[in-house]
Every structure is written in structure tokens, then in C-alpha cells.
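Undergrad: File final.txt follows (compact mmCIF, C-alpha atoms):
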```txt
# COMPACT_ATOMS: atom_id res chain seq x y z
CA MET A 1 171.50 10.11 119.45
CA VAL A 2 168.13 11.78 119.46
CA ARG A 3 167.47 14.18 116.59
CA TRP A 4 165.66 17.43 117.26
CA THR A 5 164.03 19.79 114.81
CA ASP A 6 164.37 23.56 115.36
CA LYS A 7 160.69 23.65 116.30
CA GLU A 8 161.19 20.94 118.93
CA ARG A 9 164.17 22.78 120.39
CA SER A 10 162.24 26.05 120.65
CA THR A 11 159.21 24.24 122.15
CA ILE A 12 161.35 22.66 124.88
CA ARG A 13 163.07 25.98 125.60
CA ALA A 14 159.73 27.82 125.79
CA LEU A 15 158.23 25.22 128.14
CA TRP A 16 161.33 25.14 130.32
CA GLU A 17 161.24 28.93 130.76
CA GLN A 18 157.78 28.59 132.29
CA ILE A 19 158.77 25.78 134.68
CA ASN A 20 159.63 26.68 138.26
CA ILE A 21 162.09 23.99 139.44
CA ASP A 22 161.31 24.62 143.12
CA GLU A 23 157.63 24.05 142.50
CA ILE A 24 157.49 21.27 139.87
CA GLY A 25 160.36 19.20 141.33
CA PRO A 26 158.83 18.54 144.77
CA GLU A 27 155.34 18.17 143.24
CA ALA A 28 156.49 15.53 140.72
CA LEU A 29 158.34 13.40 143.28
CA ARG A 30 155.41 13.64 145.71
CA ARG A 31 153.10 12.40 142.98
CA VAL A 32 155.37 9.42 142.24
CA LEU A 33 155.27 8.40 145.90
CA ILE A 34 151.50 8.91 146.22
CA VAL A 35 150.41 7.41 142.88
CA TYR A 36 152.95 4.53 142.87
CA PRO A 37 153.46 3.77 146.59
CA TRP A 38 155.89 0.90 145.94
CA THR A 39 158.48 3.53 144.99
CA GLU A 40 158.75 4.33 148.72
CA ARG A 41 161.26 1.46 148.93
CA TYR A 42 163.99 3.68 147.48
CA PHE A 43 163.63 6.40 150.06
CA GLY A 44 164.29 4.52 153.29
CA THR A 45 166.47 7.33 154.64
CA PHE A 46 163.81 10.00 154.09
CA GLY A 47 161.95 9.36 157.35
CA ASP A 48 158.15 9.29 157.40
CA ILE A 49 156.73 8.93 153.89
CA PHE A 50 153.97 6.50 154.79
CA THR A 51 150.90 8.72 154.40
CA VAL A 52 149.86 11.36 151.89
CA THR A 53 150.19 14.09 154.52
CA ALA A 54 153.66 12.87 155.52
CA ILE A 55 154.81 12.81 151.88
CA LEU A 56 153.46 16.32 151.26
CA GLN A 57 155.28 17.66 154.34
CA ASN A 58 158.55 15.73 154.01
CA SER A 59 161.41 18.17 153.39
CA LYS A 60 163.75 15.49 152.02
CA VAL A 61 161.19 14.56 149.36
CA ALA A 62 160.92 18.24 148.40
CA ALA A 63 164.70 18.64 148.30
CA HIS A 64 165.26 15.54 146.16
CA GLY A 65 162.48 16.69 143.82
CA LYS A 66 164.41 19.92 143.25
CA VAL A 67 167.60 17.95 142.57
CA VAL A 68 165.74 15.86 139.97
CA LEU A 69 164.37 18.90 138.16
CA LYS A 70 167.78 20.60 138.17
CA ALA A 71 169.11 17.51 136.41
CA VAL A 72 166.30 17.81 133.85
CA GLY A 73 167.49 21.40 133.36
CA GLN A 74 170.98 20.07 132.52
CA ALA A 75 169.37 17.92 129.83
CA VAL A 76 167.63 21.03 128.44
CA GLU A 77 171.06 22.71 128.24
CA ASN A 78 172.64 19.66 126.57
CA MET A 79 169.92 18.34 124.30
CA ASP A 80 172.41 16.85 121.84
CA ASN A 81 174.37 15.02 124.47
CA ILE A 82 171.95 13.89 127.17
CA LYS A 83 173.54 10.42 127.52
CA ASP A 84 177.00 11.74 128.41
CA THR A 85 175.47 14.44 130.62
CA TYR A 86 173.70 11.72 132.61
CA ALA A 87 176.42 9.04 132.63
CA THR A 88 177.43 9.64 136.25
CA LEU A 89 173.84 9.92 137.47
CA SER A 90 172.86 6.76 135.64
CA ARG A 91 175.78 4.85 137.16
CA LEU A 92 174.89 6.15 140.64
CA HIS A 93 171.30 4.92 140.30
CA TYR A 94 172.43 1.57 138.92
CA GLU A 95 175.46 0.69 141.05
CA LYS A 96 174.77 2.39 144.34
CA LEU A 97 171.06 3.12 144.64
CA HIS A 98 169.83 0.02 142.73
CA VAL A 99 166.81 1.83 141.30
CA ASP A 100 164.79 -0.19 138.78
CA PRO A 101 164.88 1.96 135.62
CA ASP A 102 161.11 1.48 135.05
CA ASN A 103 160.70 4.02 137.83
CA PHE A 104 162.33 6.74 135.72
CA ARG A 105 159.39 6.47 133.32
CA LEU A 106 156.90 6.71 136.20
CA LEU A 107 158.69 9.82 137.40
CA ALA A 108 158.68 11.26 133.88
CA ASP A 109 154.90 10.76 133.67
CA CYS A 110 154.47 12.53 137.02
CA ILE A 111 156.68 15.41 135.87
CA THR A 112 154.45 15.79 132.79
CA ILE A 113 151.30 15.82 134.91
CA ALA A 114 152.77 18.27 137.44
CA VAL A 115 153.76 20.54 134.52
CA ALA A 116 150.25 20.17 133.02
CA CYS A 117 148.63 21.27 136.31
CA LYS A 118 150.70 24.48 136.24
CA LEU A 119 150.97 25.37 132.54
CA ARG A 120 147.48 24.18 131.63
CA SER A 121 146.57 25.33 128.10
CA ALA A 122 150.24 26.10 127.31
CA LEU A 123 150.85 22.34 127.34
CA ASP A 124 148.70 21.68 124.26
CA PRO A 125 148.77 18.28 122.51
CA GLN A 126 151.71 19.26 120.24
CA ALA A 127 153.75 20.68 123.12
CA GLN A 128 153.02 17.56 125.19
CA ALA A 129 154.27 15.33 122.36
CA VAL A 130 157.57 17.21 122.13
CA TRP A 131 157.93 17.37 125.92
CA GLN A 132 157.39 13.61 126.21
CA LYS A 133 159.90 12.95 123.43
CA PHE A 134 162.37 14.99 125.45
CA LEU A 135 161.58 13.15 128.70
CA SER A 136 161.92 9.79 126.89
CA ALA A 137 165.44 10.82 125.92
CA VAL A 138 166.09 11.72 129.56
CA VAL A 139 164.73 8.36 130.76
CA ASP A 140 166.86 6.50 128.17
CA ALA A 141 169.94 8.40 129.29
CA MET A 142 169.21 7.61 132.95
CA SER A 143 168.99 3.92 131.98
CA SER A 144 172.05 3.95 129.72
CA GLN A 145 174.61 2.71 132.27
CA TYR A 146 172.49 -0.27 133.34
CA TYR A 147 173.54 -3.67 132.06
CA MET B 1 141.76 -1.14 145.41
CA LEU B 2 139.91 2.14 145.63
CA SER B 3 138.85 3.46 149.01
CA LYS B 4 135.37 4.88 149.59
CA THR B 5 136.77 8.42 149.57
CA GLU B 6 138.60 7.75 146.29
CA LYS B 7 135.44 6.37 144.68
CA GLU B 8 133.48 9.45 145.74
CA LEU B 9 136.22 11.71 144.40
CA ILE B 10 136.18 9.91 141.03
CA VAL B 11 132.38 10.19 140.72
CA GLU B 12 132.54 13.87 141.63
CA ILE B 13 135.21 14.64 139.01
CA TRP B 14 133.42 12.79 136.19
CA GLU B 15 130.06 14.33 137.06
CA ARG B 16 131.70 17.71 136.77
CA LEU B 17 133.25 16.82 133.40
CA THR B 18 130.13 15.29 131.83
CA PRO B 19 128.86 18.67 130.49
CA VAL B 20 132.21 19.16 128.70
CA ALA B 21 132.57 15.49 127.70
CA GLU B 22 133.13 16.31 124.04
CA TYR B 23 136.04 18.64 124.79
CA ILE B 24 137.69 16.39 127.40
CA GLY B 25 137.45 13.24 125.30
CA SER B 26 138.61 14.80 122.05
CA ASP B 27 141.49 16.60 123.80
CA ALA B 28 142.70 13.28 125.28
CA LEU B 29 142.47 11.61 121.85
CA LEU B 30 144.37 14.49 120.19
CA ARG B 31 147.08 14.18 122.82
CA MET B 32 147.35 10.46 122.19
CA PHE B 33 147.59 10.92 118.40
CA ALA B 34 150.26 13.64 118.81
CA SER B 35 152.39 11.82 121.38
CA TYR B 36 152.00 8.25 120.11
CA PRO B 37 151.81 8.43 116.30
CA GLY B 38 151.29 4.65 116.14
CA THR B 39 147.77 5.18 117.47
CA ARG B 40 146.84 7.20 114.34
CA THR B 41 145.86 3.95 112.61
CA LEU B 42 142.55 4.47 114.41
CA ASP B 43 140.20 5.83 111.80
CA ILE B 44 139.62 9.20 113.46
CA ASN B 45 140.90 12.44 111.93
CA PRO B 46 141.93 15.45 114.02
CA GLY B 47 139.34 18.21 113.70
CA SER B 48 136.61 15.87 112.48
CA ALA B 49 133.11 15.49 113.88
CA HIS B 50 134.00 11.84 114.47
CA LEU B 51 136.78 12.91 116.85
CA LEU B 52 134.36 14.99 118.91
CA SER B 53 131.65 12.34 119.00
CA HIS B 54 134.07 9.55 119.88
CA GLY B 55 135.68 11.71 122.56
CA LYS B 56 132.28 12.33 124.07
CA LYS B 57 131.40 8.62 124.01
CA ILE B 58 134.63 7.77 125.82
CA VAL B 59 134.04 10.29 128.59
CA LEU B 60 130.39 9.31 129.06
CA ALA B 61 131.37 5.62 129.32
CA ILE B 62 134.10 6.41 131.85
CA ALA B 63 131.67 8.58 133.85
CA GLU B 64 128.98 5.89 133.76
CA GLY B 65 131.44 3.21 134.91
CA ALA B 66 132.54 5.41 137.81
CA LYS B 67 129.06 5.36 139.34
CA ASP B 68 129.52 1.75 140.48
CA ILE B 69 133.07 0.54 140.05
CA SER B 70 132.27 -2.92 141.44
CA GLN B 71 130.06 -3.43 138.35
CA LEU B 72 132.64 -2.21 135.82
CA THR B 73 132.75 -5.48 133.87
CA VAL B 74 128.96 -5.31 133.48
CA THR B 75 128.79 -1.63 132.57
CA LEU B 76 131.58 -1.91 130.02
CA ALA B 77 130.61 -5.34 128.63
CA PRO B 78 129.27 -4.00 125.30
CA LEU B 79 132.43 -1.94 124.82
CA GLN B 80 134.66 -4.92 125.66
CA THR B 81 133.14 -6.93 122.81
CA LEU B 82 133.10 -3.98 120.41
CA HIS B 83 136.78 -3.11 120.89
CA ALA B 84 138.07 -6.68 120.99
CA TYR B 85 136.06 -8.40 118.25
CA LYS B 86 134.80 -5.70 115.96
CA LEU B 87 137.24 -2.79 116.09
CA ARG B 88 140.26 -4.92 117.06
CA ILE B 89 141.90 -2.00 118.84
CA ASP B 90 145.40 -2.79 120.10
CA PRO B 91 144.83 -3.01 123.88
CA THR B 92 148.06 -1.06 124.51
CA ASN B 93 146.16 1.98 123.23
CA PHE B 94 143.93 1.94 126.32
CA LYS B 95 146.99 2.57 128.51
CA LEU B 96 148.28 5.33 126.26
CA LEU B 97 144.86 6.97 126.26
CA SER B 98 144.68 6.67 130.07
CA HIS B 99 147.93 8.59 130.40
CA CYS B 100 146.72 11.27 127.96
CA MET B 101 143.41 11.50 129.80
CA LEU B 102 145.35 12.24 133.02
CA VAL B 103 147.23 15.04 131.24
CA THR B 104 143.92 16.42 129.90
CA LEU B 105 142.47 16.40 133.42
CA ALA B 106 145.60 18.08 134.80
CA CYS B 107 145.40 20.86 132.19
CA TYR B 108 141.65 21.30 132.69
CA LEU B 109 141.51 21.12 136.49
CA GLY B 110 144.91 22.71 137.23
CA ASP B 111 145.83 22.65 140.92
CA GLU B 112 142.50 20.99 141.70
CA PHE B 113 143.93 17.84 140.12
CA THR B 114 145.72 17.09 143.39
CA PRO B 115 148.13 14.17 143.95
CA VAL B 116 145.27 12.33 145.71
CA ALA B 117 142.89 12.88 142.77
CA HIS B 118 145.69 11.86 140.39
CA ALA B 119 146.30 8.60 142.30
CA ALA B 120 142.58 7.75 142.45
CA MET B 121 142.09 8.51 138.75
CA ASP B 122 145.20 6.54 137.72
CA LYS B 123 143.85 3.50 139.56
CA TYR B 124 140.36 3.87 138.11
CA LEU B 125 141.57 4.36 134.51
CA SER B 126 143.89 1.33 134.89
CA ALA B 127 140.84 -0.68 135.94
CA VAL B 128 138.88 0.55 132.91
CA ALA B 129 141.81 -0.30 130.60
CA ALA B 130 142.11 -3.78 132.16
CA VAL B 131 138.39 -4.47 131.76
CA LEU B 132 138.44 -3.34 128.12
CA ALA B 133 141.43 -5.61 127.43
CA GLU B 134 139.85 -8.65 129.10
CA LYS B 135 137.93 -10.13 126.16
CA TYR B 136 140.78 -10.24 123.65
CA ARG B 137 141.73 -13.89 124.27
```
As C-alpha cells - that is how I would like this structure written.

TA:
Amino acid sequence: MVRWTDKERSTIRALWEQINIDEIGPEALRRVLIVYPWTERYFGTFGDIFTVTAILQNSKVAAHGKVVLKAVGQAVENMDNIKDTYATLSRLHYEKLHVDPDNFRLLADCITIAVACKLRSALDPQAQAVWQKFLSAVVDAMSSQYY
Amino acid sequence: MLSKTEKELIVEIWERLTPVAEYIGSDALLRMFASYPGTRTLDINPGSAHLLSHGKKIVLAIAEGAKDISQLTVTLAPLQTLHAYKLRIDPTNFKLLSHCMLVTLACYLGDEFTPVAHAAMDKYLSAVAAVLAEKYR
């Protein structure tokens, strides 16, 4: 289990309050597809995601981005029990969707950068460190049902 | 592989950041030290003049390399030798710093750090990290 100090908990809560799921979610997933184009292989049912313009305009990409960020919100609500919170999601990505768990880290990095573009100076070095510790816990939990 | 447009975008961004090189470089280093405490073995203290001067050197080298990416191994040759043989910096640190540099750029440029700029910069910084790690063995 990941241990959190009171300061870390308040930092995560303060950052999360400033994050608009409907904005950051689509932006983060778009960045994954644009920066790491091989991730397109997982989204075969999403239609045209073969150019930057197509990715930016694809409504299924935007919708899935929102779903992802809502799940991150569940982790914020359950910081002491992220693994159990994510057990079903992890199993879905392992058994059914066959997503290589390395991609969760790529997505986490893109979430951080999307957040940085919006929050700017509010994501100072200390806040970034805590935020990335939190996202590492999320990535571990997403990978926990893989074996 | 970087397209012509991507190369132009990279040059444009680094030219714009050169006047604030000290800030950008030291901010990226501070982010790396905060997020990856293992990198603190580097002999640079937060708040020191050394942090500012090293941050500036990093940004100026990255900006210089961007001017002709096909010549990156030539431009960065002195730094390859310095980091591999003299400073013996763990080459993993170059990747960690690349990520932190992206976050610095995102915070500094805001919405102007578009997905396209992000992709181009990620590719370029990976190339810089690979070149710096080349001489180790």
C-alpha cells in the first residue's frame, strides 16, 4: 500500500479541484495518440485516428479520455485503496483489451503534461512530484491484475 | 524521424526560450530533483548559483543542437565525453530530465505547447538523450 503524508493528500486534493475532467481527459488521450502513435493499435473501433486533425476531432477519443479521467477521480477519492478500486478495470485491460501496461505510464505522462499546460505555475516542482507519485500508484493499480 | 515542419517548430521554440534559458533549465532540474530523488546525487543544490548556471548550459546546448539536428552527434560530442567519462552521470537521468523539461515547457508555454509541439519536442529530446548516452560503452 502506498503511504501518503497529510501534505501529499492536501496537495492532490488541491490539484484535483482545479482539474476539469472534460478538458484534461480528452487532451491527455489525444496527446498519447499523437506523441506515441503506436498506441493507435488499441483503438481500432474508434474510426479515423490516423492524422493529428482526425485525432483532435474524434468524438470517441474525447469520450474515452473523459472516462479515463473519471477513473483517476475515483483514485483521488480512494487514495488508501487504489488497487481494489481499480481491480475490475485492471482485469478488463488485461483479459479483454490486452493493453500492454507500459502504455499506462505513457498515458500518465501525458496527463501530467496536459495538467501542466492548464495549471501552469500551480504545478510547481513539489506539486509535480506529489502528483507523479499519485499517478504511479494509479499505474501500479492498473497493472495489478496482470500476470 | 522529425519532419521539416517539426524541425522548424523545435528551432522556433528554443529560440524563444534562449533569453530565459537560466529559468527554464533550472526549473527542469528542480522538477527532476523533486520527482526523482535518486537524481539528487548530482552535485547541484537547489537555490544555488550552480543550479542556475547548469540549467542555462543545458538549455543553450539543447537550443544549439536544434539548429541542425542531422549534426547532433557533432554538436553534442564534447558533452558526450564529459558526461560519460568525467561526470559519469547515470544515462537514465537524461530520460528523467527530458520528461521534466517537457513539463517545464508545458507550464511555461501553456496552451501554446500543443500536442504537435509536444510530439516534436519528445522526439527531439529523446534524440538528445540517446546521443548523450552513446559514448558510455

Undergrad: Set out as CSV a contact list for chain A and chain B with a cut-off of 10 Å, giving each residue of chain A that qualifies its closest atom pair and distance in Å to one decimal, counting all atoms listed in the file, ordered by chain and rising residue number.

TA:
```
residue,atom,partner,partner_atom,distance
A:Glu27,CA,B:Pro115,CA,8.3
A:Ala28,CA,B:Pro115,CA,9.1
A:Arg30,CA,B:Pro115,CA,7.5
A:Arg31,CA,B:Pro115,CA,5.4
A:Val32,CA,B:Pro115,CA,8.8
A:Leu33,CA,B:Pro115,CA,9.4
A:Ile34,CA,B:Ala119,CA,6.5
A:Val35,CA,B:Ala119,CA,4.3
A:Tyr36,CA,B:Ala119,CA,7.8
A:Pro37,CA,B:Ala119,CA,9.6
A:Val52,CA,B:Val116,CA,7.8
A:Leu56,CA,B:Pro115,CA,9.3
A:Asp109,CA,B:His99,CA,8.0
A:Cys110,CA,B:His118,CA,9.4
A:Thr112,CA,B:Val103,CA,7.4
A:Ile113,CA,B:Val103,CA,5.5
A:Ala114,CA,B:Ala106,CA,7.6
A:Val115,CA,B:Ala106,CA,8.5
A:Ala116,CA,B:Cys107,CA,5.0
A:Cys117,CA,B:Gly110,CA,4.1
A:Lys118,CA,B:Gly110,CA,6.1
A:Leu119,CA,B:Cys107,CA,7.2
A:Arg120,CA,B:Cys107,CA,4.0
A:Ser121,CA,B:Cys107,CA,6.2
A:Ala122,CA,B:Cys107,CA,8.6
A:Leu123,CA,B:Cys107,CA,7.4
A:Asp124,CA,B:Arg31,CA,7.8
A:Pro125,CA,B:Arg31,CA,4.4
A:Gln126,CA,B:Ala34,CA,6.0
A:Ala127,CA,B:Ala34,CA,9.0
A:Gln128,CA,B:Ser35,CA,6.9
A:Ala129,CA,B:Ser35,CA,4.1
A:Val130,CA,B:Ser35,CA,7.5
A:Trp131,CA,B:Ser35,CA,9.1
A:Gln132,CA,B:Ser35,CA,7.2
A:Lys133,CA,B:Ser35,CA,7.9
```

Undergrad: Can you tell me which residues surround Val128 in chain B at a distance of at most 9 Å, considering all atoms listed in the file, apart from same-chain residues fewer than 3 positions away, and format the answer as a list of chain:residue names?

TA: B:Ile62, B:Gly65, B:Leu72, B:Thr73, B:Leu76, B:Phe94, B:Ser98, B:Lys123, B:Tyr124, B:Leu125, B:Val131, B:Leu132, B:Ala133

Undergrad: Do you have the CA of Pro101 in chain A-CA of Lys83 in chain A distance handy?

TA: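 Those two atoms sit 14.6 Å apart.
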
Undergrad: Would you compute the distance between CA of Asp68 in chain B and CA of Leu87 in chain B? Give it in Å to one decimal.

TA: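 According to the coordinates, CA of Asp68 in chain B and CA of Leu87 in chain B are separated by 26.0 Å.
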
Undergrad: Got a sec: who's within 8 Å of Ser90 in chain A, counting all atoms listed in the file, leaving out chain neighbours fewer than 4 positions off, as a ChimeraX atom specification?

TA: /A:86,94,141-146

Undergrad: One number please: CA of Ala61 in chain B to CA of Gly38 in chain B, in Å, one decimal.

TA: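 Separation of CA of Ala61 in chain B and CA of Gly38 in chain B: 23.9 Å.
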
Undergrad: For range 41-47 of chain A, please output as a list in words all residues within 10 Å (counting all atoms listed in the file; exclusion window: fewer than 3 positions along the same chain).

TA: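 The residues that qualify are Leu33, Pro37, Trp38, Phe50, Ala54, Ile55, Asn58, Ser59, Lys60, Val61, His64, Leu97, His98, Val99 and Asp100 of chain A.
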
Undergrad: Do a neighbour search on range 21-25 of chain B at 7 Å with all atoms listed in the file, toss out local chain neighbours closer than 5 positions, and write the hits as a PyMOL selection string.

TA: chain B and resi 52-53+55-56+58-60+104
